[in-house]
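To be precise, the following lines are entry28.tsv, and they hold TSV, C-alpha atoms and all ligand atoms.
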```
chain	number	residue	atom	x	y	z
A	30	MET	CA	0.00	0.00	0.00
A	31	THR	CA	1.51	3.35	-1.03
A	32	PRO	CA	1.04	5.95	1.70
A	33	ARG	CA	-1.29	8.76	0.63
A	34	LYS	CA	-0.53	12.45	1.03
A	35	ASP	CA	-3.94	13.71	2.20
A	36	LEU	CA	-7.05	12.60	4.03
A	37	LEU	CA	-9.95	14.53	2.51
A	38	ASP	CA	-12.93	12.17	2.76
A	39	ILE	CA	-13.80	8.53	3.39
A	40	ALA	CA	-14.88	7.88	-0.21
A	41	SER	CA	-11.32	8.17	-1.51
A	42	LEU	CA	-9.94	5.61	1.00
A	43	SER	CA	-9.65	1.98	-0.08
A	44	ASP	CA	-10.97	-0.76	2.23
A	45	GLU	CA	-7.34	-1.66	2.89
A	46	GLU	CA	-6.52	1.90	3.98
A	47	ILE	CA	-9.54	2.06	6.30
A	48	THR	CA	-8.49	-1.22	7.92
A	49	PHE	CA	-4.88	-0.04	8.18
A	50	ILE	CA	-5.88	3.17	10.02
A	51	LEU	CA	-8.32	1.39	12.36
A	52	ASP	CA	-5.91	-1.46	13.15
A	53	ASN	CA	-2.99	0.86	13.85
A	54	ALA	CA	-5.07	2.97	16.24
A	55	VAL	CA	-5.21	-0.01	18.63
A	56	PRO	CA	-1.54	0.09	19.77
A	57	PHE	CA	-1.72	3.91	19.92
A	58	LYS	CA	-4.67	3.63	22.29
A	59	ASP	CA	-2.75	1.10	24.42
A	60	LEU	CA	-0.18	3.85	25.01
A	61	PHE	CA	-2.76	5.93	26.89
A	62	ARG	CA	-2.68	3.48	29.80
A	63	ARG	CA	1.04	4.11	30.34
A	64	SER	CA	2.38	6.95	32.44
A	65	VAL	CA	4.45	8.15	29.46
A	66	LYS	CA	2.00	8.43	26.57
A	67	LYS	CA	4.49	9.58	23.97
A	68	VAL	CA	6.32	7.85	21.11
A	69	PRO	CA	9.02	9.41	18.87
A	70	THR	CA	7.26	8.45	15.58
A	71	LEU	CA	6.89	12.00	14.17
A	72	LYS	CA	9.82	13.65	15.92
A	73	GLY	CA	11.05	16.59	13.85
A	74	ARG	CA	7.76	16.93	11.94
A	75	THR	CA	5.39	19.89	12.34
A	76	MET	CA	1.60	19.89	12.32
A	77	LEU	CA	-0.38	23.08	11.98
A	78	THR	CA	-4.08	23.51	12.71
A	79	LEU	CA	-5.93	25.96	10.43
A	80	PHE	CA	-9.50	26.37	11.69
A	81	TYR	CA	-11.74	28.85	9.89
A	82	GLU	CA	-14.69	27.56	11.96
A	83	PRO	CA	-14.81	27.22	15.73
A	84	SER	CA	-14.11	23.78	17.17
A	85	THR	CA	-14.30	22.42	20.67
A	86	ARG	CA	-12.85	18.96	20.64
A	87	THR	CA	-11.54	18.27	17.17
A	88	ARG	CA	-8.71	20.80	17.26
A	89	SER	CA	-7.46	19.79	20.70
A	90	SER	CA	-7.81	16.13	19.76
A	91	PHE	CA	-5.48	16.66	16.77
A	92	GLU	CA	-3.08	18.66	18.93
A	93	VAL	CA	-2.92	15.96	21.61
A	94	ALA	CA	-2.53	13.28	18.93
A	95	ALA	CA	0.38	15.09	17.28
A	96	SER	CA	2.15	15.79	20.55
A	97	ARG	CA	1.86	12.13	21.60
A	98	LEU	CA	3.69	11.32	18.35
A	99	SER	CA	6.36	13.90	19.30
A	100	ALA	CA	5.50	16.23	16.41
A	101	ASP	CA	5.70	19.97	16.95
A	102	VAL	CA	2.29	21.59	17.00
A	103	THR	CA	1.39	25.10	15.86
A	104	HIS	CA	-1.95	26.82	15.59
A	105	PHE	CA	-2.61	29.34	12.85
A	106	ASP	CA	-4.85	31.87	14.52
A	107	VAL	CA	-7.39	32.67	11.82
A	108	GLU	CA	-9.20	35.38	13.78
A	109	ALA	CA	-6.01	37.29	14.48
A	110	SER	CA	-4.42	36.59	11.10
A	111	SER	CA	-4.55	38.54	7.86
A	112	ILE	CA	-7.33	36.22	6.65
A	113	VAL	CA	-9.81	38.58	8.27
A	114	LYS	CA	-8.11	41.32	6.24
A	115	GLY	CA	-9.09	39.52	3.05
A	116	GLU	CA	-6.12	37.24	2.38
A	117	SER	CA	-7.22	34.35	0.18
A	118	VAL	CA	-6.84	30.72	1.16
A	119	ILE	CA	-4.21	30.27	-1.57
A	120	ASP	CA	-2.11	33.16	-0.24
A	121	THR	CA	-2.26	31.59	3.21
A	122	ILE	CA	-1.14	28.29	1.72
A	123	ASP	CA	1.84	29.96	0.06
A	124	THR	CA	2.80	31.25	3.48
A	125	LEU	CA	2.45	27.83	5.06
A	126	GLU	CA	4.43	26.27	2.23
A	127	ALA	CA	7.25	28.70	2.94
A	128	MET	CA	7.16	27.60	6.59
A	129	ARG	CA	7.75	23.98	5.49
A	130	ILE	CA	4.92	22.55	7.56
A	131	ASP	CA	4.46	18.75	7.20
A	132	TYR	CA	0.78	18.37	8.12
A	133	VAL	CA	-2.01	20.92	8.02
A	134	VAL	CA	-5.39	20.19	9.62
A	135	VAL	CA	-8.13	22.30	8.02
A	136	ARG	CA	-11.68	23.14	9.03
A	137	HIS	CA	-13.76	25.46	6.87
A	138	LYS	CA	-17.45	26.31	6.51
A	139	GLN	CA	-17.23	25.88	2.75
A	140	SER	CA	-17.16	22.37	1.26
A	141	GLY	CA	-14.11	21.63	-0.88
A	142	ILE	CA	-11.62	24.07	0.71
A	143	PRO	CA	-9.38	21.25	2.08
A	144	ASN	CA	-9.27	19.71	-1.43
A	145	LEU	CA	-8.28	23.07	-2.90
A	146	ILE	CA	-5.50	23.44	-0.35
A	147	ALA	CA	-4.32	19.86	-0.89
A	148	ARG	CA	-3.90	20.44	-4.63
A	149	ASN	CA	-1.71	23.47	-4.01
A	150	THR	CA	0.79	22.24	-1.46
A	151	ARG	CA	3.24	19.44	-0.76
A	152	THR	CA	2.03	19.47	2.84
A	153	SER	CA	-0.25	16.61	3.93
A	154	VAL	CA	-3.76	18.01	4.31
A	155	ILE	CA	-6.28	16.53	6.73
A	156	ASN	CA	-9.89	17.59	6.46
A	157	ALA	CA	-11.24	18.32	9.96
A	158	GLY	CA	-14.69	19.18	8.59
A	159	ASP	CA	-15.71	21.17	5.51
A	160	GLY	CA	-19.24	22.58	5.37
A	161	TRP	CA	-21.83	19.81	4.99
A	162	HIS	CA	-19.41	17.68	2.98
A	163	ALA	CA	-17.08	15.48	5.04
A	164	HIS	CA	-15.46	14.86	8.41
A	165	PRO	CA	-13.33	11.77	7.79
A	166	THR	CA	-11.51	11.56	11.13
A	167	GLN	CA	-14.86	11.67	12.95
A	168	ALA	CA	-16.06	8.78	10.79
A	169	LEU	CA	-12.89	6.80	11.48
A	170	LEU	CA	-13.12	7.33	15.24
A	171	ASP	CA	-16.80	6.34	15.15
A	172	ALA	CA	-15.94	3.18	13.24
A	173	PHE	CA	-13.14	2.41	15.71
A	174	THR	CA	-15.55	2.89	18.64
A	175	LEU	CA	-18.12	0.60	17.02
A	176	ARG	CA	-15.48	-2.04	16.26
A	177	GLU	CA	-14.41	-2.07	19.90
A	178	ARG	CA	-17.96	-3.03	20.72
A	179	TRP	CA	-18.51	-5.47	17.83
A	180	PRO	CA	-15.32	-6.69	16.10
A	181	ASP	CA	-17.45	-7.69	13.09
A	182	LEU	CA	-19.82	-4.90	12.17
A	183	ALA	CA	-21.49	-6.72	9.25
A	184	GLY	CA	-25.27	-6.63	9.58
A	185	ARG	CA	-25.28	-4.32	12.64
A	186	ARG	CA	-27.80	-1.47	12.46
A	187	ILE	CA	-27.02	2.16	13.25
A	188	LEU	CA	-29.81	4.74	13.61
A	189	ILE	CA	-28.57	8.32	13.04
A	190	VAL	CA	-30.96	10.91	14.46
A	191	GLY	CA	-31.14	14.68	13.98
A	192	ASP	CA	-29.97	17.32	11.55
A	193	ILE	CA	-28.83	15.03	8.75
A	194	GLN	CA	-29.16	17.74	6.10
A	195	HIS	CA	-26.38	19.97	7.48
A	196	SER	CA	-24.22	17.22	8.95
A	197	ARG	CA	-20.84	16.31	7.51
A	198	VAL	CA	-20.67	13.77	10.36
A	199	ALA	CA	-23.83	12.01	9.12
A	200	ARG	CA	-22.39	11.85	5.60
A	201	SER	CA	-18.95	10.55	6.56
A	202	THR	CA	-20.01	8.26	9.40
A	203	SER	CA	-22.86	6.67	7.44
A	204	HIS	CA	-20.43	6.14	4.55
A	205	ILE	CA	-17.83	4.30	6.65
A	206	CYS	CA	-20.53	2.28	8.43
A	207	ARG	CA	-21.86	1.03	5.09
A	208	ARG	CA	-18.32	0.25	3.90
A	209	LEU	CA	-17.94	-1.93	7.01
A	210	GLY	CA	-21.15	-3.79	6.22
A	211	MET	CA	-23.53	-2.03	8.60
A	212	GLN	CA	-27.11	-1.07	7.81
A	213	VAL	CA	-27.82	2.63	8.23
A	214	ALA	CA	-31.07	4.51	8.92
A	215	TYR	CA	-31.75	8.24	9.30
A	216	LEU	CA	-34.42	9.72	11.55
A	217	ALA	CA	-35.12	13.44	11.09
A	218	PRO	CA	-37.91	15.93	10.50
A	219	GLY	CA	-38.52	16.52	6.79
A	220	SER	CA	-36.92	19.97	7.04
A	221	LEU	CA	-33.61	18.43	8.20
A	222	MET	CA	-33.54	15.40	5.88
A	223	PRO	CA	-31.47	15.69	2.68
A	224	ARG	CA	-33.54	15.55	-0.51
A	225	GLU	CA	-31.32	12.81	-1.88
A	226	THR	CA	-29.88	9.95	0.12
A	227	PRO	CA	-28.25	6.71	-1.05
A	228	PRO	CA	-31.04	4.14	-1.68
A	229	GLU	CA	-29.59	1.65	0.86
A	230	ILE	CA	-30.19	4.10	3.71
A	231	LYS	CA	-33.57	3.72	5.44
A	232	ILE	CA	-35.44	6.94	6.14
A	233	PHE	CA	-37.72	7.40	9.15
A	234	GLY	CA	-39.88	10.35	10.15
A	235	ASN	CA	-40.71	9.22	13.68
A	236	TRP	CA	-39.19	7.23	16.54
A	237	SER	CA	-41.87	4.57	16.57
A	238	ASP	CA	-40.98	3.35	13.05
A	239	ALA	CA	-37.28	3.65	13.90
A	240	TRP	CA	-37.68	1.44	17.01
A	241	ASP	CA	-39.52	-1.16	14.90
A	242	TRP	CA	-36.43	-1.37	12.68
A	243	THR	CA	-34.53	-2.62	15.81
A	244	PRO	CA	-31.30	-0.60	15.69
A	245	ASP	CA	-28.19	-1.90	17.52
A	246	VAL	CA	-26.91	1.60	18.29
A	247	VAL	CA	-28.36	5.12	18.31
A	248	TYR	CA	-26.22	8.05	17.10
A	249	LEU	CA	-27.51	11.55	17.94
A	250	LEU	CA	-26.58	14.73	16.05
A	251	ARG	CA	-26.70	18.36	17.09
A	252	VAL	CA	-29.00	20.68	15.18
A	253	GLN	CA	-26.56	22.90	13.26
A	254	SER	CA	-28.33	26.20	14.00
A	255	GLU	CA	-25.39	28.17	12.60
A	256	ARG	CA	-26.03	26.64	9.15
A	257	LEU	CA	-29.78	27.29	9.12
A	258	THR	CA	-31.04	30.21	7.12
A	259	GLU	CA	-34.63	29.85	8.36
A	260	PRO	CA	-36.19	28.16	11.40
A	261	PHE	CA	-36.28	24.39	10.91
A	262	PHE	CA	-38.80	23.77	13.65
A	263	PRO	CA	-41.22	25.86	15.76
A	264	SER	CA	-39.04	25.64	18.90
A	265	ALA	CA	-36.25	23.66	20.55
A	266	ALA	CA	-38.81	22.22	23.00
A	267	GLU	CA	-40.95	21.02	20.11
A	268	TYR	CA	-37.91	19.44	18.43
A	269	HIS	CA	-37.02	17.71	21.69
A	270	ARG	CA	-40.55	16.30	22.05
A	271	HIS	CA	-40.65	14.86	18.54
A	272	TYR	CA	-37.02	13.97	17.73
A	273	GLY	CA	-34.94	14.30	20.88
A	274	LEU	CA	-33.87	11.49	23.18
A	275	THR	CA	-36.51	12.20	25.83
A	276	ASP	CA	-36.45	10.37	29.16
A	277	ASP	CA	-39.10	7.96	27.81
A	278	ARG	CA	-36.96	7.15	24.77
A	279	LEU	CA	-33.91	6.81	26.98
A	280	ARG	CA	-35.82	4.17	28.95
A	281	ILE	CA	-36.40	2.19	25.73
A	282	LEU	CA	-32.70	2.48	24.89
A	283	ASP	CA	-31.86	1.18	28.36
A	284	GLN	CA	-34.37	-1.68	28.23
A	285	ARG	CA	-32.90	-2.79	24.91
A	286	ALA	CA	-29.35	-2.30	26.26
A	287	LEU	CA	-28.41	-0.15	23.26
A	288	PRO	CA	-25.26	2.01	23.22
A	289	LEU	CA	-25.55	5.74	22.50
A	290	MET	CA	-23.16	7.92	20.46
A	291	HIS	CA	-22.84	11.66	19.72
A	292	PRO	CA	-19.95	13.53	18.03
A	293	GLY	CA	-20.32	16.55	20.35
A	294	PRO	CA	-20.83	19.31	21.14
A	295	VAL	CA	-24.25	18.48	22.59
A	296	ASN	CA	-27.23	20.75	23.07
A	297	ARG	CA	-28.73	19.67	26.38
A	298	GLY	CA	-32.52	19.89	26.32
A	299	VAL	CA	-32.64	19.67	22.52
A	300	GLU	CA	-31.37	16.33	21.15
A	301	ILE	CA	-30.31	14.99	24.57
A	302	THR	CA	-31.14	15.49	28.28
A	303	ASP	CA	-28.93	15.48	31.39
A	304	ALA	CA	-30.09	11.89	32.00
A	305	GLY	CA	-29.01	10.97	28.45
A	306	MET	CA	-25.57	12.44	29.12
A	307	ASN	CA	-25.28	10.20	32.21
A	308	TYR	CA	-26.56	7.06	30.46
A	309	SER	CA	-24.46	4.07	31.50
A	310	ARG	CA	-24.13	2.69	27.95
A	311	SER	CA	-23.11	6.01	26.44
A	312	LEU	CA	-20.02	5.75	24.23
A	313	ILE	CA	-19.56	9.53	24.01
A	314	ASN	CA	-16.42	9.60	26.17
A	315	ASP	CA	-15.03	6.56	24.34
A	316	GLN	CA	-15.48	8.52	21.09
A	317	VAL	CA	-13.40	11.38	22.55
A	318	GLU	CA	-10.61	9.09	23.76
A	319	ASN	CA	-10.61	7.05	20.56
A	320	GLY	CA	-10.45	10.26	18.54
A	321	ILE	CA	-6.90	10.82	19.75
A	322	ALA	CA	-5.74	7.27	18.93
A	323	VAL	CA	-7.37	7.35	15.49
A	324	ARG	CA	-5.89	10.77	14.66
A	325	MET	CA	-2.45	9.48	15.71
A	326	SER	CA	-2.98	6.60	13.31
A	327	VAL	CA	-4.08	8.99	10.53
A	328	LEU	CA	-0.98	11.18	10.99
A	329	TYR	CA	1.18	8.05	11.03
A	330	SER	CA	-0.40	6.78	7.78
A	331	LEU	CA	0.08	9.96	5.69
A	332	ARG	CA	3.23	11.05	3.84
A	333	PRO	CA	3.84	14.68	2.87
A	334	GLU	CA	5.60	15.11	-0.48
A	335	PRO	CA	9.35	15.40	0.00
A	336	LEU	CA	10.85	18.90	-0.05
B	401	LIG	C1	-19.09	18.03	14.62
B	401	LIG	C2	-18.62	18.98	13.56
B	401	LIG	O1	-18.01	19.98	13.84
B	401	LIG	O2	-18.89	18.66	12.41
B	401	LIG	N1	-18.41	18.08	15.82
B	401	LIG	C3	-17.15	17.61	15.95
B	401	LIG	O3	-16.40	17.47	15.03
B	401	LIG	N2	-16.80	17.24	17.18
B	401	LIG	C4	-20.53	18.05	14.81
B	401	LIG	C5	-21.21	19.31	15.23
B	401	LIG	O4	-20.65	20.40	15.15
B	401	LIG	O5	-22.37	19.19	15.61
```

Kindly return the structure encoded in the file as structure tokens.
Amino acid sequence: MTPRKDLLDIASLSDEEITFILDNAVPFKDLFRRSVKKVPTLKGRTMLTLFYEPSTRTRSSFEVAASRLSADVTHFDVEASSIVKGESVIDTIDTLEAMRIDYVVVRHKQSGIPNLIARNTRTSVINAGDGWHAHPTQALLDAFTLRERWPDLAGRRILIVGDIQHSRVARSTSHICRRLGMQVAYLAPGSLMPRETPPEIKIFGNWSDAWDWTPDVVYLLRVQSERLTEPFFPSAAEYHRHYGLTDDRLRILDQRALPLMHPGPVNRGVEITDAGMNYSRSLINDQVENGIAVRMSVLYSLRPEPL
């Protein structure tokens, strides 16, 4: 397998590459139980995070991952930089190129920006989320978390609930789940369901039909209010009643012993309650921990073009 330069989406990865990244994350995760959690793998390399959109966990997850591989980590402060003064993405890339960065982790509200950057630099580019398009490291960490639970995912059913329309997580995670043989269903109000979805994905408009489908795991999404141009629903309370994981629905989850996932950040009282956050079978913290191991494995698997 020839190492690739960039990670832009799941669709461009071969099955072999997906397996390679997931398998190699296992020994990286084992490191976390040691007092010294660092290996010299990327010593002398530099990773830069370039976030044009705010991020809570993804950026720090990449930074922790890179430092555990002994890479140097720098953050390009978009707010304070000349980007707000109108510098184009390409000009920024020229600057980064001159700095001889090895890996750049990009998040942007516009789909396709990481691809544009990747075509214009020898640096390895990792997409940390572009618009509604893709979030490949989230998908890989979700797949890793699911594989920890069920080593063979074939035939397992994942129900993804919430704002599918604006979710790069829904697109990338459902893609990797199908590649690993899982069955995928979406549950969302009509206003948050994409007009076109792959025919293999089941579509539900209410929880009752979704429960009848007997999912093995429920994956909640945040409503992406920042991407909505008009109100998607009368109120957050109304959304919670119809589509959220209410206490009654949490009881069903518990009775069926189903695990719960969420990429974060959560909106308490909208898609999830305090009780949901404390649910004993929640995998949300596993997703966070696994995110570091999987991102270490991604950095390890990529090769920047030589100088
Ligand atoms: C997601 C994102 O930014 O796409 N979060 C994340 O990566 N942790 C999902 C979201 O913002 O709701």

What are the centre and edge lengths in Å, to one decimal, of the axis-aligned box around all listed atoms of ligand LIG 401 (chain B) with 5 Å added on each side, as AutoDock Vina command-line options?
```
--center_x -19.4 --center_y 18.8 --center_z 14.8 --size_x 16.0 --size_y 13.2 --size_z 14.8
```

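Distance check against ligand LIG 401 (chain B) using all atoms listed in the file: of A:Trp242, A:Tyr132, A:Phe91, A:Phe261, the minimum falls on A:Phe91.
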
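Remark: for ligand LIG 401 (chain B), the closest of the candidate residues A:Asp241, A:Asp315, A:Asp35, A:Asp192 is A:Asp192 (distances computed over only C-alpha atoms and all ligand atoms).
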
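Among the candidate residues A:Val317, A:Val190, A:Ile142, A:Val133, the one lying nearest to ligand LIG 401 (chain B) is A:Val317, with distances computed using all atoms listed in the file.
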
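Atom CA of A:Ala322 is positioned 8.6 Å from atom CA of A:Asn53.
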
Close residues, A:Pro69 itself excluded, 9 Å, only C-alpha atoms, min 6 positions apart in chain, as a ChimeraX atom specification: /A:97-100

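The gap separating atom CA of A:Leu36 from atom CA of A:Leu249 is 24.8 Å, in Å to one decimal.
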
Option closest in space to ligand LIG 401 (chain B), from A:Asn235, A:Thr31, A:Ser89, A:Gln284 [counting only C-alpha atoms and all ligand atoms]: A:Ser89

Among listed residues A:Ile193, A:Ala286, A:Val246, A:Ala239, nearest A:Arg224 (using only C-alpha atoms):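 The answer is A:Ile193, which sits nearest to A:Arg224.
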
Report as a tab-separated table the residues of chain A within 9 Å of ligand LIG 401 (chain B), each with its shortest atom pair and distance in Å (one decimal), using only C-alpha atoms and all ligand atoms, ordered by chain and increasing residue number.
```
residue	atom	partner	partner_atom	distance
A:Glu82	CA	B:LIG401	O1	8.5
A:Pro83	CA	B:LIG401	O1	8.1
A:Ser84	CA	B:LIG401	O1	6.4
A:Thr85	CA	B:LIG401	N2	6.7
A:Arg86	CA	B:LIG401	N2	5.5
A:Thr87	CA	B:LIG401	N2	5.4
A:Arg88	CA	B:LIG401	O3	8.7
A:Arg136	CA	B:LIG401	O1	8.6
A:Ala157	CA	B:LIG401	O3	7.3
A:Gly158	CA	B:LIG401	O2	5.7
A:Asp159	CA	B:LIG401	O2	8.0
A:Gly160	CA	B:LIG401	O2	8.1
A:Trp161	CA	B:LIG401	O2	8.1
A:Ala163	CA	B:LIG401	O2	8.2
A:His164	CA	B:LIG401	O2	6.5
A:Thr166	CA	B:LIG401	O3	8.6
A:Gln167	CA	B:LIG401	O3	6.4
A:Asp192	CA	B:LIG401	O5	8.8
A:Ser196	CA	B:LIG401	O2	6.5
A:Arg197	CA	B:LIG401	O2	5.8
A:Val198	CA	B:LIG401	O2	5.6
A:Ala199	CA	B:LIG401	O2	8.9
A:Leu250	CA	B:LIG401	O5	6.1
A:Arg251	CA	B:LIG401	O5	4.7
A:Val252	CA	B:LIG401	O5	6.8
A:Gln253	CA	B:LIG401	O5	6.1
A:His291	CA	B:LIG401	C4	8.4
A:Pro292	CA	B:LIG401	N2	4.9
A:Gly293	CA	B:LIG401	N2	4.8
A:Pro294	CA	B:LIG401	O5	5.7
A:Val295	CA	B:LIG401	O5	7.3
A:Val317	CA	B:LIG401	N2	8.6
```

How would the residues just chosen look if you wrote them out with C-alpha atoms as a PDB file, in the frame of the given file?
```pdb
ATOM      1  CA  GLU A  82     -14.690  27.560  11.960  1.00  0.00           C
ATOM      2  CA  PRO A  83     -14.810  27.220  15.730  1.00  0.00           C
ATOM      3  CA  SER A  84     -14.110  23.780  17.170  1.00  0.00           C
ATOM      4  CA  THR A  85     -14.300  22.420  20.670  1.00  0.00           C
ATOM      5  CA  ARG A  86     -12.850  18.960  20.640  1.00  0.00           C
ATOM      6  CA  THR A  87     -11.540  18.270  17.170  1.00  0.00           C
ATOM      7  CA  ARG A  88      -8.710  20.800  17.260  1.00  0.00           C
ATOM      8  CA  ARG A 136     -11.680  23.140   9.030  1.00  0.00           C
ATOM      9  CA  ALA A 157     -11.240  18.320   9.960  1.00  0.00           C
ATOM     10  CA  GLY A 158     -14.690  19.180   8.590  1.00  0.00           C
ATOM     11  CA  ASP A 159     -15.710  21.170   5.510  1.00  0.00           C
ATOM     12  CA  GLY A 160     -19.240  22.580   5.370  1.00  0.00           C
ATOM     13  CA  TRP A 161     -21.830  19.810   4.990  1.00  0.00           C
ATOM     14  CA  ALA A 163     -17.080  15.480   5.040  1.00  0.00           C
ATOM     15  CA  HIS A 164     -15.460  14.860   8.410  1.00  0.00           C
ATOM     16  CA  THR A 166     -11.510  11.560  11.130  1.00  0.00           C
ATOM     17  CA  GLN A 167     -14.860  11.670  12.950  1.00  0.00           C
ATOM     18  CA  ASP A 192     -29.970  17.320  11.550  1.00  0.00           C
ATOM     19  CA  SER A 196     -24.220  17.220   8.950  1.00  0.00           C
ATOM     20  CA  ARG A 197     -20.840  16.310   7.510  1.00  0.00           C
ATOM     21  CA  VAL A 198     -20.670  13.770  10.360  1.00  0.00           C
ATOM     22  CA  ALA A 199     -23.830  12.010   9.120  1.00  0.00           C
ATOM     23  CA  LEU A 250     -26.580  14.730  16.050  1.00  0.00           C
ATOM     24  CA  ARG A 251     -26.700  18.360  17.090  1.00  0.00           C
ATOM     25  CA  VAL A 252     -29.000  20.680  15.180  1.00  0.00           C
ATOM     26  CA  GLN A 253     -26.560  22.900  13.260  1.00  0.00           C
ATOM     27  CA  HIS A 291     -22.840  11.660  19.720  1.00  0.00           C
ATOM     28  CA  PRO A 292     -19.950  13.530  18.030  1.00  0.00           C
ATOM     29  CA  GLY A 293     -20.320  16.550  20.350  1.00  0.00           C
ATOM     30  CA  PRO A 294     -20.830  19.310  21.140  1.00  0.00           C
ATOM     31  CA  VAL A 295     -24.250  18.480  22.590  1.00  0.00           C
ATOM     32  CA  VAL A 317     -13.400  11.380  22.550  1.00  0.00           C
TER      33      VAL A 317
END
```

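Of the residues listed (A:Thr78, A:Leu289, A:Arg280, A:Asn296), A:Leu289 shows the shortest atom-to-atom separation from A:Asn314; distances use all atoms listed in the file.
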
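Between atom CA of A:Ile187 and atom CA of A:Pro165 the interatomic distance comes to 17.6 Å.
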
All residues 12 Å or closer to stretch 114-128 of chain A, only C-alpha atoms, same chain fewer than 3 positions away omitted, as an NGL selection string: :A and (74-81 or 103-111 or 131-137 or 139 or 141-154 or 333-334 or 336)

A:Pro228 environment, 12 Å, only C-alpha atoms, sequence neighbours closer than 5 positions dropped, as a ChimeraX atom specification: /A:207,212-215

Can you fill out stretch 125-138 of chain A with N, CA, C and O atoms and hand it back as a tab-separated table (two decimals), in the coordinates of the input?
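selection_39.tsv, freshly written:
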```
chain	number	residue	atom	x	y	z
A	125	LEU	N	2.20	29.08	4.34
A	125	LEU	CA	2.45	27.83	5.06
A	125	LEU	C	3.53	27.01	4.37
A	125	LEU	O	4.39	26.41	5.00
A	126	GLU	N	3.46	27.02	3.04
A	126	GLU	CA	4.43	26.27	2.23
A	126	GLU	C	5.84	26.77	2.56
A	126	GLU	O	6.77	26.00	2.75
A	127	ALA	N	5.95	28.10	2.63
A	127	ALA	CA	7.25	28.70	2.94
A	127	ALA	C	7.73	28.31	4.34
A	127	ALA	O	8.93	28.28	4.61
A	128	MET	N	6.78	28.00	5.22
A	128	MET	CA	7.16	27.60	6.59
A	128	MET	C	7.59	26.13	6.67
A	128	MET	O	8.00	25.66	7.71
A	129	ARG	N	7.37	25.39	5.57
A	129	ARG	CA	7.75	23.98	5.49
A	129	ARG	C	7.08	23.12	6.56
A	129	ARG	O	7.71	22.34	7.26
A	130	ILE	N	5.75	23.35	6.66
A	130	ILE	CA	4.92	22.55	7.56
A	130	ILE	C	4.74	21.15	6.93
A	130	ILE	O	4.68	21.03	5.72
A	131	ASP	N	4.66	20.10	7.74
A	131	ASP	CA	4.46	18.75	7.20
A	131	ASP	C	2.99	18.36	7.08
A	131	ASP	O	2.58	17.70	6.13
A	132	TYR	N	2.20	18.73	8.11
A	132	TYR	CA	0.78	18.37	8.12
A	132	TYR	C	-0.04	19.61	8.43
A	132	TYR	O	0.28	20.34	9.38
A	133	VAL	N	-1.09	19.83	7.67
A	133	VAL	CA	-2.01	20.92	8.02
A	133	VAL	C	-3.42	20.34	8.18
A	133	VAL	O	-3.90	19.56	7.36
A	134	VAL	N	-4.04	20.69	9.30
A	134	VAL	CA	-5.39	20.19	9.62
A	134	VAL	C	-6.35	21.35	9.39
A	134	VAL	O	-6.21	22.39	10.04
A	135	VAL	N	-7.29	21.18	8.45
A	135	VAL	CA	-8.13	22.30	8.02
A	135	VAL	C	-9.60	22.09	8.35
A	135	VAL	O	-10.15	21.02	8.08
A	136	ARG	N	-10.22	23.11	8.90
A	136	ARG	CA	-11.68	23.14	9.03
A	136	ARG	C	-12.19	24.42	8.39
A	136	ARG	O	-11.63	25.49	8.62
A	137	HIS	N	-13.24	24.28	7.58
A	137	HIS	CA	-13.76	25.46	6.87
A	137	HIS	C	-15.26	25.30	6.67
A	137	HIS	O	-15.74	24.19	6.48
A	138	LYS	N	-16.00	26.42	6.66
A	138	LYS	CA	-17.45	26.31	6.51
A	138	LYS	C	-17.86	25.99	5.07
A	138	LYS	O	-18.97	25.57	4.82
```
